[in-house]
Amino acid sequence: MDDQTRMLGLGGGLGALSQADVGDPDSARKQQALGQPQQDIGDILQQIMAITDESLDEAQARKHALNCHRMKPALFSVLCEIKEKTVLSIRGVQEEDPPDPQIMRLDNMLLAEGVSGPEKGGGSAAAAAAAAAAGGSPNDGSIEHSDYRAKLAQIRQIYHSELEKYEQACSEFTTHVMNLLREQSRTRPISPKEIERMVAIIHRKFSSIQMQLKQSTCEAVMILRSRFLDARRKRRNFNKQATEVLNEYFYSHLSNPYPSEEAKEELAKKCGITVSQVSNWFGNKRIRYKKNIGKFQEEANLYAVKTAVDAANVSAQASQANSPATPNSGNPDNYTCQCR
DNA sequence: TAGGATGATTGGCG
DNA sequence: CGCCAATCATCCTA
């Protein structure tokens, strides 16, 4: 009860005000009623009810008068008593509920997709991973990647602006209600705890709206992602030069067609593809070669000649004066023996 | 347009 | 984690 009295600023002085100060047109009647508490309270209540029929100015004046009425503390304590009884029954019903698992899930999802949380240098991990795997030609991959990023950024922006709007509306509404309650606490008993509870109720309401926003944002990201992932499967054959480079390496290392990480990087650079694409290519090539060596015989011979000629050219350039190099001399992995 | 070629994905294994 | 094997999805050509 202490805080209520504090809130009211009732530090005395109510009794010091005369009816004349109040400027009440019914003062004469009330004057008669002084000393009769029951009638006084009835009077006050009547005046409270009458406030709704009055103009704003009149109502303000009446409110002030009521606040200063000498019977105010008595009425207030009665209200407090009534409230105490009713509030007790309410208490315990509204427990502090744990954080909503649904909203937590959505939060995690948005965070993982890079929609919420700190802006990562140009997009989500998902985008980066998808871009790395985005195959075909590197050009198309980058276009899809930037497309994805742009769309994700758009979603992100909308999400944040909407979230901001909600938060602003929530805080505005909360402040408004708090002010209203504080104002009302002058005439009826409202504890800070109750204000807190009211604020919590408002926040719960707003968080349910926020959940809807998060849900629809998640849906948007999922749709975008599925579209992007579908597009990822749209492959393009590597260009001729890239295939040639890969085949050259493959057939010149036929006894051990497993390029090291460095070799893969080198090949990727040469072909303008990613390292994982190089790995895919070698994986596919090894298995398909093994399955049907006969079918690849011609191709193998072709690249054998090619590498032999290249090697010959290199050695000829290196030492023109020396004896000419024999075919395949520069190639430690002579595939021809493998193919028979 | 059918069917082969080819790049990517997936699940299992060591 | 890298690789294999099977499979998918798309491209390409006759």
# chains A, B, ... in the order shown; residues from 1 in each chain; ligands from 1
$ interface_residues --of "chain A" --to "chain C" --cutoff "10 Å" --atoms "only C-alpha atoms (C1' of nucleotides)" --output "VMD selection string"
chain A and resid 233 to 237 258 279 283 to 284 286 to 287
$ interface_residues --of "chain B" --to "chain A" --cutoff "8 Å" --atoms "only C-alpha atoms (C1' of nucleotides)" --output "PDB file with N, CA, C and O atoms (P, O5', C5', C4', C3', O3' and C1' of nucleotides), in the first residue's frame"
ATOM      1  P    DT B   6      30.887 -36.701 -72.341  1.00  0.00           P
ATOM      2  O5'  DT B   6      30.169 -35.932 -71.139  1.00  0.00           O
ATOM      3  C5'  DT B   6      29.448 -34.746 -71.403  1.00  0.00           C
ATOM      4  C4'  DT B   6      28.927 -34.168 -70.098  1.00  0.00           C
ATOM      5  C3'  DT B   6      29.910 -34.264 -68.933  1.00  0.00           C
ATOM      6  O3'  DT B   6      29.884 -33.054 -68.224  1.00  0.00           O
ATOM      7  C1'  DT B   6      27.839 -35.143 -68.312  1.00  0.00           C
ATOM      8  P    DG B   7      31.182 -32.455 -67.601  1.00  0.00           P
ATOM      9  O5'  DG B   7      30.636 -31.716 -66.302  1.00  0.00           O
ATOM     10  C5'  DG B   7      29.685 -30.680 -66.435  1.00  0.00           C
ATOM     11  C4'  DG B   7      28.767 -30.658 -65.240  1.00  0.00           C
ATOM     12  C3'  DG B   7      29.468 -30.671 -63.873  1.00  0.00           C
ATOM     13  O3'  DG B   7      28.904 -29.641 -63.079  1.00  0.00           O
ATOM     14  C1'  DG B   7      27.847 -32.404 -63.988  1.00  0.00           C
ATOM     15  P    DA B   8      29.222 -29.483 -61.527  1.00  0.00           P
ATOM     16  O5'  DA B   8      28.033 -30.255 -60.822  1.00  0.00           O
ATOM     17  C5'  DA B   8      26.698 -29.844 -61.089  1.00  0.00           C
ATOM     18  C4'  DA B   8      25.746 -30.517 -60.119  1.00  0.00           C
ATOM     19  C3'  DA B   8      26.200 -30.503 -58.654  1.00  0.00           C
ATOM     20  O3'  DA B   8      25.088 -30.140 -57.849  1.00  0.00           O
ATOM     21  C1'  DA B   8      25.819 -32.734 -59.374  1.00  0.00           C
TER      22       DA B   8
END
$ closest_residue --among "A:Thr243, A:Thr86, A:Ser208, A:Thr187" --to "Asn67 of chain A" --atoms "only C-alpha atoms"
A:Thr187
$ residues_around --residues "Val199 of chain A" --least-positions-apart "3" --cutoff "10 Å" --atoms "only C-alpha atoms (C1' of nucleotides)" --output "list in words"
Cys170, Ser171, Phe173, Thr174, Thr175, Val177, Met178, Lys193, Glu194, Ile195, Glu196, Ile202, His203, Arg204 and Lys205 of chain A
$ atom_distance --atom1 "atom CA of His176 of chain A" --atom2 "atom CA of Asp53 of chain A"
23.8 Å
